file entry.txt (compact mmCIF, C-alpha atoms and all ligand atoms)
# COMPACT_ATOMS: atom_id res chain seq x y z
CA MET A 1 -8.32 -2.23 -6.46
CA ARG A 2 -5.97 -2.02 -3.46
CA ALA A 3 -2.66 -2.63 -4.98
CA SER A 4 -0.19 -3.19 -2.19
CA LYS A 5 -1.48 -4.61 1.01
CA LEU A 6 0.03 -3.56 4.31
CA VAL A 7 -0.59 -6.71 6.14
CA GLY A 8 1.31 -7.04 9.37
CA SER A 9 4.68 -5.44 9.70
CA GLN A 10 6.90 -5.20 6.70
CA GLN A 11 10.61 -5.61 6.07
CA SER A 12 12.46 -3.11 8.12
CA ALA A 13 15.66 -3.16 6.71
CA VAL A 14 16.89 -1.90 3.93
CA ASN A 15 20.40 -3.09 4.56
CA ARG A 16 19.58 -6.68 5.36
CA THR A 17 20.21 -9.38 2.86
CA VAL A 18 17.21 -10.24 0.76
CA ASN A 19 17.54 -13.96 1.24
CA ASN A 20 14.55 -14.09 3.51
CA GLN A 21 12.32 -11.75 1.50
CA LYS A 22 9.34 -12.88 -0.47
CA THR A 23 6.74 -11.20 -2.56
CA ILE A 24 3.11 -12.23 -2.18
CA ASP A 25 0.68 -11.53 -4.96
CA TYR A 26 -2.98 -12.28 -4.57
CA ARG A 27 -5.90 -11.94 -7.01
CA LEU A 28 -9.62 -12.29 -6.50
CA SER A 29 -12.06 -12.90 -9.33
CA THR A 30 -15.61 -13.99 -10.02
CA ASP A 31 -16.55 -15.60 -13.33
CA GLU A 32 -13.01 -14.75 -14.48
CA ILE A 33 -13.72 -11.07 -13.84
CA HIS A 34 -11.12 -9.36 -11.68
CA ILE A 35 -12.45 -8.08 -8.33
CA SER A 36 -9.37 -7.10 -6.46
CA GLY A 37 -5.64 -7.70 -6.12
CA ALA A 38 -2.82 -7.05 -3.72
CA GLU A 39 0.89 -7.51 -3.38
CA GLY A 40 3.67 -6.71 -0.97
CA LEU A 41 7.22 -7.52 0.14
CA TYR A 42 7.52 -9.51 3.35
CA GLU A 43 9.95 -11.47 5.44
CA SER A 44 9.51 -15.24 5.38
CA SER A 45 8.51 -15.19 9.04
CA GLU A 46 5.52 -12.95 8.20
CA ILE A 47 4.09 -15.04 5.38
CA LEU A 48 1.58 -17.06 7.41
CA LYS A 49 0.20 -14.02 9.15
CA VAL A 50 -0.12 -12.18 5.85
CA LEU A 51 -1.87 -15.10 4.17
CA LYS A 52 -4.39 -15.25 6.99
CA GLU A 53 -5.18 -11.60 6.61
CA TYR A 54 -5.52 -11.89 2.83
CA ALA A 55 -7.92 -14.80 3.31
CA LEU A 56 -10.08 -12.70 5.64
CA ARG A 57 -10.10 -9.87 3.15
CA ALA A 58 -11.11 -12.23 0.37
CA LEU A 59 -14.17 -13.26 2.34
CA SER A 60 -15.35 -9.75 3.03
CA HIS A 61 -14.61 -7.75 -0.09
CA THR A 62 -17.05 -4.94 -0.90
CA ARG A 63 -17.08 -5.91 -4.58
CA GLY A 64 -18.61 -9.29 -3.80
CA LYS A 65 -17.51 -12.81 -2.89
CA PRO A 66 -14.81 -14.13 -5.23
CA ASP A 67 -15.14 -17.63 -6.69
CA LYS A 68 -11.39 -17.79 -7.31
CA VAL A 69 -8.47 -16.66 -5.16
CA VAL A 70 -4.97 -17.01 -6.63
CA ILE A 71 -1.99 -16.48 -4.35
CA THR A 72 1.60 -16.48 -5.63
CA ILE A 73 4.62 -16.40 -3.32
CA GLU A 74 8.04 -15.77 -4.84
CA ASN A 75 11.55 -15.31 -3.46
CA ILE A 76 13.09 -11.91 -4.08
CA LYS A 77 16.64 -12.09 -5.34
CA GLN A 78 17.39 -8.45 -5.94
CA LYS A 79 18.10 -5.98 -3.14
CA PRO A 80 15.22 -3.46 -2.93
CA ARG A 81 15.71 0.11 -4.03
CA VAL A 82 15.02 2.44 -1.09
CA ILE A 83 12.90 5.53 -1.66
CA ALA A 84 10.98 8.11 0.38
CA SER A 85 7.19 8.19 0.26
CA LEU A 86 5.52 11.07 -1.54
CA PRO A 87 4.32 13.99 0.60
CA VAL A 88 0.55 13.78 1.12
CA THR A 89 -2.10 16.49 0.72
CA THR A 90 -5.88 16.44 0.43
CA ILE A 91 -7.48 18.90 -1.95
CA GLU A 92 -10.80 20.67 -1.45
CA CYS A 93 -13.28 19.04 -3.82
CA SER A 94 -17.07 18.86 -3.64
CA SER A 95 -18.14 16.74 -6.63
CA PRO A 96 -16.96 14.46 -9.45
CA LYS A 97 -17.35 17.39 -11.83
CA GLU A 98 -15.05 19.56 -9.74
CA ALA A 99 -12.66 16.60 -9.38
CA LYS A 100 -12.35 16.37 -13.15
CA ARG A 101 -11.51 20.07 -13.35
CA ILE A 102 -8.91 19.73 -10.57
CA VAL A 103 -7.33 16.63 -12.09
CA SER A 104 -7.22 18.23 -15.54
CA GLN A 105 -5.53 21.34 -14.20
CA MET A 106 -2.90 19.42 -12.24
CA LEU A 107 -2.12 17.13 -15.15
CA THR A 108 -2.04 19.99 -17.68
CA ASP A 109 0.33 21.82 -15.37
CA SER A 110 2.54 18.73 -15.43
CA GLY A 111 2.81 18.94 -19.22
CA ILE A 112 0.21 16.29 -20.04
CA SER A 113 -1.93 16.99 -23.10
CA LYS A 114 -5.71 17.34 -23.12
CA LYS A 115 -5.89 14.32 -25.39
CA ALA A 116 -3.98 12.16 -22.90
CA ILE A 117 -6.10 13.39 -19.98
CA ASN A 118 -9.34 12.65 -21.85
CA ARG A 119 -8.05 9.21 -22.77
CA ALA A 120 -7.37 8.46 -19.09
CA PHE A 121 -10.80 9.63 -17.98
CA ALA A 122 -12.52 7.68 -20.73
CA LEU A 123 -10.77 4.52 -19.49
CA LEU A 124 -11.29 5.09 -15.80
CA ILE A 125 -14.99 5.93 -15.97
CA ARG A 126 -15.91 2.78 -17.90
CA LYS A 127 -18.23 0.45 -15.99
CA LYS A 128 -15.97 -2.51 -16.69
CA THR A 129 -12.95 -1.75 -14.53
CA MET A 130 -9.47 -2.51 -15.75
CA ARG A 131 -7.43 -5.31 -14.17
CA GLY A 132 -4.20 -3.36 -14.10
CA ALA A 133 -3.14 0.19 -14.88
CA ALA A 134 -2.99 1.79 -18.30
CA ILE A 135 0.19 3.45 -19.54
CA ILE A 136 -0.59 6.58 -21.51
CA ALA A 137 1.84 8.72 -23.55
CA ALA A 138 1.77 12.22 -22.07
CA GLU A 139 1.46 14.03 -25.40
CA LYS A 140 -0.12 11.81 -28.03
CA GLY A 141 -2.39 10.11 -25.51
CA ASN A 142 -1.97 6.62 -26.94
CA ARG A 143 -1.89 3.55 -24.72
CA LEU A 144 1.43 1.78 -24.50
CA GLU A 145 0.96 -1.33 -22.40
CA PRO A 146 1.33 -4.52 -24.47
CA ASP A 147 -1.75 -6.26 -23.04
CA ARG A 148 -4.65 -3.87 -22.62
CA LEU A 149 -6.88 -6.34 -20.86
CA ARG A 150 -4.30 -7.16 -18.23
CA GLY A 151 -2.77 -3.69 -17.94
CA ILE A 152 0.24 -3.10 -15.70
CA ARG A 153 0.45 -4.04 -12.04
CA ALA A 154 2.88 -2.15 -9.88
CA SER A 155 4.18 -4.75 -7.47
CA ARG A 156 7.20 -5.72 -5.33
CA LEU A 157 6.72 -2.77 -3.06
CA GLY A 158 6.73 -2.36 0.67
CA ILE A 159 7.58 -0.13 3.58
CA ASP A 160 10.17 -0.29 6.32
CA LYS A 161 8.74 -0.67 9.84
CA ALA A 162 10.07 2.66 11.14
CA ALA A 163 8.79 4.51 8.07
CA LEU A 164 5.41 2.82 8.48
CA ARG A 165 5.22 3.94 12.11
CA MET A 166 6.06 7.50 11.09
CA MET A 167 3.58 7.47 8.21
CA SER A 168 0.83 6.06 10.46
CA SER A 169 1.40 8.71 13.08
CA ARG A 170 1.39 11.51 10.50
CA LEU A 171 -1.80 10.21 8.91
CA SER A 172 -3.42 9.67 12.32
CA ALA A 173 -2.98 13.35 13.10
CA LEU A 174 -5.13 14.02 10.02
CA GLY A 175 -7.69 11.29 10.75
CA ILE A 176 -6.79 9.29 7.64
CA ASN A 177 -4.62 6.49 8.99
CA THR A 178 -6.23 3.59 7.11
CA ASP A 179 -4.74 0.65 5.20
CA THR A 180 -6.41 1.92 2.04
CA VAL A 181 -4.64 5.28 2.27
CA LYS A 182 -1.26 3.80 3.25
CA GLU A 183 -1.35 1.12 0.56
CA ALA A 184 -2.19 3.71 -2.08
CA ILE A 185 0.62 6.03 -0.91
CA ILE A 186 3.15 3.19 -1.04
CA LEU A 187 2.11 2.20 -4.53
CA ALA A 188 1.99 5.79 -5.81
CA SER A 189 5.44 6.46 -4.32
CA LYS A 190 6.94 3.54 -6.21
CA VAL A 191 5.22 4.59 -9.42
CA ALA A 192 6.37 8.22 -9.08
CA SER A 193 9.95 7.04 -8.43
CA CYS A 194 10.11 5.64 -11.96
CA PRO A 195 12.14 8.24 -13.91
CA HIS A 196 9.91 8.19 -17.01
CA ILE A 197 6.57 8.53 -15.27
CA VAL A 198 5.19 12.06 -15.17
CA ALA A 199 2.05 11.47 -13.10
CA GLU A 200 -0.53 8.92 -12.02
CA LEU A 201 -4.31 9.26 -11.84
CA CYS A 202 -6.27 6.83 -9.65
CA ILE A 203 -9.99 6.41 -9.09
CA SER A 204 -10.74 3.63 -6.63
CA ASP A 205 -12.85 0.85 -8.14
CA ASP A 206 -14.33 0.12 -4.72
CA PRO A 207 -18.00 1.21 -4.91
CA ASP A 208 -17.84 2.33 -1.27
CA TYR A 209 -14.75 4.46 -1.69
CA THR A 210 -15.00 7.83 -3.42
CA THR A 211 -11.54 9.34 -2.86
CA GLY A 212 -8.98 9.13 -5.65
CA TYR A 213 -5.66 10.83 -6.24
CA VAL A 214 -3.17 12.39 -8.59
CA ALA A 215 0.42 11.57 -7.72
CA SER A 216 3.67 12.88 -9.15
CA LYS A 217 7.16 13.97 -8.17
CA ARG A 218 6.01 17.56 -8.67
CA PHE A 219 2.83 17.57 -6.58
CA GLY A 220 3.31 14.59 -4.30
CA TYR A 221 0.31 12.41 -3.43
CA VAL A 222 -2.77 14.60 -3.75
CA ARG A 223 -5.98 13.02 -2.45
CA ILE A 224 -9.16 14.05 -4.24
CA PRO A 225 -12.37 13.42 -2.28
CA ARG A 226 -15.65 12.85 -4.18
CA ILE A 227 -13.89 11.97 -7.42
CA LYS A 228 -16.82 9.61 -8.09
CA HIS A 229 -20.32 9.03 -6.71
CA MET A 230 -20.88 6.59 -3.83
CA GLY A 231 -21.91 3.17 -5.18
CA SER A 232 -20.25 3.72 -8.54
CA ARG A 233 -18.25 0.78 -9.92
CA ILE A 234 -15.95 2.79 -12.13
CA GLY A 235 -12.26 3.07 -11.38
CA GLY A 236 -8.70 2.22 -12.29
CA ARG A 237 -5.24 3.67 -12.61
CA ALA A 238 -3.46 5.49 -15.43
CA PHE A 239 0.28 6.16 -15.55
CA PHE A 240 1.32 9.02 -17.84
CA VAL A 241 4.78 8.59 -19.32
CA LYS A 242 7.12 10.96 -21.14
CA GLU A 243 6.56 11.01 -24.87
CA GLY A 244 8.84 8.79 -26.91
CA VAL A 245 10.26 6.68 -24.07
CA SER A 246 10.60 2.95 -24.37
CA VAL A 247 7.88 1.25 -22.36
CA LYS A 248 9.68 -2.00 -21.51
CA PRO A 249 12.06 -0.61 -18.85
CA ILE A 250 9.08 1.18 -17.27
CA ILE A 251 7.08 -2.04 -17.05
CA ASP A 252 10.12 -3.92 -15.72
CA TYR A 253 10.60 -1.31 -13.03
CA LEU A 254 6.93 -1.24 -12.00
CA GLU A 255 6.37 -4.97 -12.00
CA LYS A 256 9.75 -6.48 -11.20
CA THR A 257 12.08 -4.12 -9.34
CA PRO A 258 11.66 -4.42 -5.56
CA VAL A 259 11.21 -1.00 -3.98
CA ILE A 260 10.84 -0.25 -0.31
CA ILE A 261 9.91 2.98 1.41
CA GLY A 262 12.59 3.79 3.96
CA LYS A 263 11.44 7.28 4.87
CA SER A 264 8.01 8.84 5.27
CA ALA A 265 7.49 12.36 3.89
CA PRO A 266 5.28 14.97 5.64
CA CYS A 267 1.51 14.66 5.40
CA ARG A 268 -0.44 17.91 5.21
CA GLY A 269 -4.09 18.67 5.70
CA ILE A 270 -6.59 20.13 3.25
CA MET A 271 -5.32 22.62 0.69
CA SER A 272 -6.84 24.47 -2.25
CA LEU A 273 -5.92 23.73 -5.87
CA ASP A 274 -4.23 27.12 -6.06
CA GLU A 275 -2.00 26.38 -3.09
CA ILE A 276 -1.03 23.01 -4.50
CA ILE A 277 -0.34 24.28 -8.01
CA HIS A 278 1.59 27.36 -6.98
CA ASP A 279 3.52 26.04 -4.02
CA PRO A 280 3.37 22.25 -4.17
CA HIS A 281 5.93 21.59 -1.44
CA ARG A 282 5.19 24.38 1.02
C1 LIG B 301 -7.92 1.77 -3.79
O1 LIG B 301 -9.13 1.50 -3.82
O2 LIG B 301 -7.09 0.96 -3.44
C2 LIG B 301 -7.43 3.12 -4.19
C3 LIG B 301 -7.60 4.12 -3.11
C4 LIG B 301 -7.11 5.47 -3.54
C5 LIG B 301 -7.27 6.59 -2.55
C6 LIG B 301 -6.78 6.32 -1.16
C7 LIG B 301 -6.84 7.59 -0.31
O3 LIG B 301 -7.88 7.86 0.31
O4 LIG B 301 -5.86 8.35 -0.27

call {"tool": "encode", "arguments": {"input": "entry.txt", "output": "structure tokens"}}
result
Amino acid sequence: MRASKLVGSQQSAVNRTVNNQKTIDYRLSTDEIHISGAEGLYESSEILKVLKEYALRALSHTRGKPDKVVITIENIKQKPRVIASLPVTTIECSSPKEAKRIVSQMLTDSGISKKAINRAFALLIRKKTMRGAAIIAAEKGNRLEPDRLRGIRASRLGIDKAALRMMSSRLSALGINTDTVKEAIILASKVASCPHIVAELCISDDPDYTTGYVASKRFGYVRIPRIKHMGSRIGGRAFFVKEGVSVKPIIDYLEKTPVIIGKSAPCRGIMSLDEIIHDPHR
């Protein structure tokens, strides 16, 4: 899945002009079936380095060798919106069954209906993983994205160099300073910064990766270990949106508006569900 790749150093400056900024989007597939994708915001001077790293990743992906790699490079014309990353926590969780209970409680607590939660799980545990994320109405539970096969891809997102250094050092202290974790935090932070999004649920579609997360403005980025069994090919992302909102501005924001993380929020260690629910930002 890996939605925003942290390849090399990213645009540090929020106040610079955007003339030299580009977005890179890359997609891997086999027999027209999506394997993985990535995107990020970079300075022109970084493009070659980033492409090299993407090529290496394409050759060694855990979901198999792709027979097609599509890379798109576009100039960014709009100045990025600057946000802070979500605070990070890891929750105690021993099995996929417990994960479902934890996720359900956090989402219910965020005002999301049982119907919407069940809809998200039904989508994310299908063997055939989705290409992009689903958008689900928080109350009625219906899907809102115009193309259900394609889904929605949060893109045009990145992190300032100083914020990346800070995030890396905070995650290192917890032993979780990996590209996978940082890329997911960056993406989840952009998604949560969209005013109409209530929460996100993610299960990695990487068969070797069993940690997922729930992310929201209320709870921050909450990592959920053992959300699926090792070797399982299920996975995907669901964005829950406020009931009755128009979906077009949400999609425009997620896919088109450049957003950069200019500040890294604290990263905490393992907490219980109770601690997270009752005092999310302790
Ligand atoms: C992915 O496969 O890209 C999603 C990873 C989600 C969890 C990352 C983490 O360990 O926090």

call {"tool": "residues_around", "arguments": {"input": "entry.txt", "residues": "Leu174 in chain A", "least_positions_apart": "2", "cutoff": "12 Å", "atoms": "all atoms listed in the file", "output": "ChimeraX atom specification"}}
result
/A:88-90,167-172,176-178,181,266-270

call {"tool": "residues_near_ligand", "arguments": {"input": "entry.txt", "ligand": "ligand LIG 301 (chain B)", "cutoff": "10 Å", "atoms": "all atoms listed in the file", "output": "VMD selection string"}}
result
chain A and resid 1 to 5 36 to 38 88 to 90 176 to 185 187 to 188 201 to 214 221 to 225 227 235 to 237

call {"tool": "closest_residue", "arguments": {"input": "entry.txt", "among": "A:Lys140, A:Arg131, A:Lys242, A:Arg156", "to": "Arg119 in chain A", "atoms": "all atoms listed in the file"}}
result
A:Lys140

call {"tool": "atom_distance", "arguments": {"input": "entry.txt", "atom1": "CA of Ser29 in chain A", "atom2": "CA of Ile71 in chain A"}}
result
11.8 Å

call {"tool": "closest_residue", "arguments": {"input": "entry.txt", "among": "A:Glu46, A:Glu243, A:Asp109, A:Asp25", "to": "Pro280 in chain A", "atoms": "only C-alpha atoms"}}
result
A:Asp109

call {"tool": "closest_residue", "arguments": {"input": "entry.txt", "among": "A:Ala265, A:Val259, A:Ala238, A:Val191", "to": "Ala134 in chain A", "atoms": "only C-alpha atoms"}}
result
A:Ala238

call {"tool": "atom_distance", "arguments": {"input": "entry.txt", "atom1": "CA of Thr23 in chain A", "atom2": "CA of Ile47 in chain A"}}
result
9.2 Å

call {"tool": "residues_around", "arguments": {"input": "entry.txt", "residues": "Arg81 in chain A", "least_positions_apart": "4", "cutoff": "9 Å", "atoms": "all atoms listed in the file", "output": "list in words"}}
result
Val14, Thr257, Pro258, Val259, Ile260 and Ile261 of chain A

call {"tool": "closest_residue", "arguments": {"input": "entry.txt", "among": "A:Ile73, A:Val245, A:Leu149, A:Ala99", "to": "His34 in chain A", "atoms": "all atoms listed in the file"}}
result
A:Leu149

call {"tool": "atom_distance", "arguments": {"input": "entry.txt", "atom1": "CA of Cys93 in chain A", "atom2": "CA of Arg226 in chain A"}}
result
6.6 Å

call {"tool": "residues_around", "arguments": {"input": "entry.txt", "residues": "range 275-278 of chain A", "least_positions_apart": "3", "cutoff": "9 Å", "atoms": "all atoms listed in the file", "output": "list in words"}}
result
Thr89, Ile91, Gln105, Met106, Asp109, Phe219, Val222, Met271, Ser272, His281 and Arg282 of chain A

call {"tool": "residues_around", "arguments": {"input": "entry.txt", "residues": "Val69 in chain A", "least_positions_apart": "4", "cutoff": "8 Å", "atoms": "all atoms listed in the file", "output": "ChimeraX atom specification"}}
result
/A:26-29,58

call {"tool": "residues_near_point", "arguments": {"input": "entry.txt", "point": "(-7.2, 13.0, -20.2)", "cutoff": "12 Å", "atoms": "all atoms listed in the file", "output": "PyMOL selection string"}}
result
chain A and resi 100-108+111-125+136-143+199-201+238-240

call {"tool": "closest_residue", "arguments": {"input": "entry.txt", "among": "A:Arg57, A:Ala192, A:Gln21, A:Val50", "to": "Gln78 in chain A", "atoms": "only C-alpha atoms"}}
result
A:Gln21

call {"tool": "axis_aligned_box", "arguments": {"input": "entry.txt", "around": "range 267-279 of chain A", "padding_each_side": "4 Å", "output": "lines of an AutoDock Vina configuration file"}}
result
center_x = -1.7
center_y = 21.0
center_z = -1.2
size_x = 18.4
size_y = 20.7
size_z = 21.7
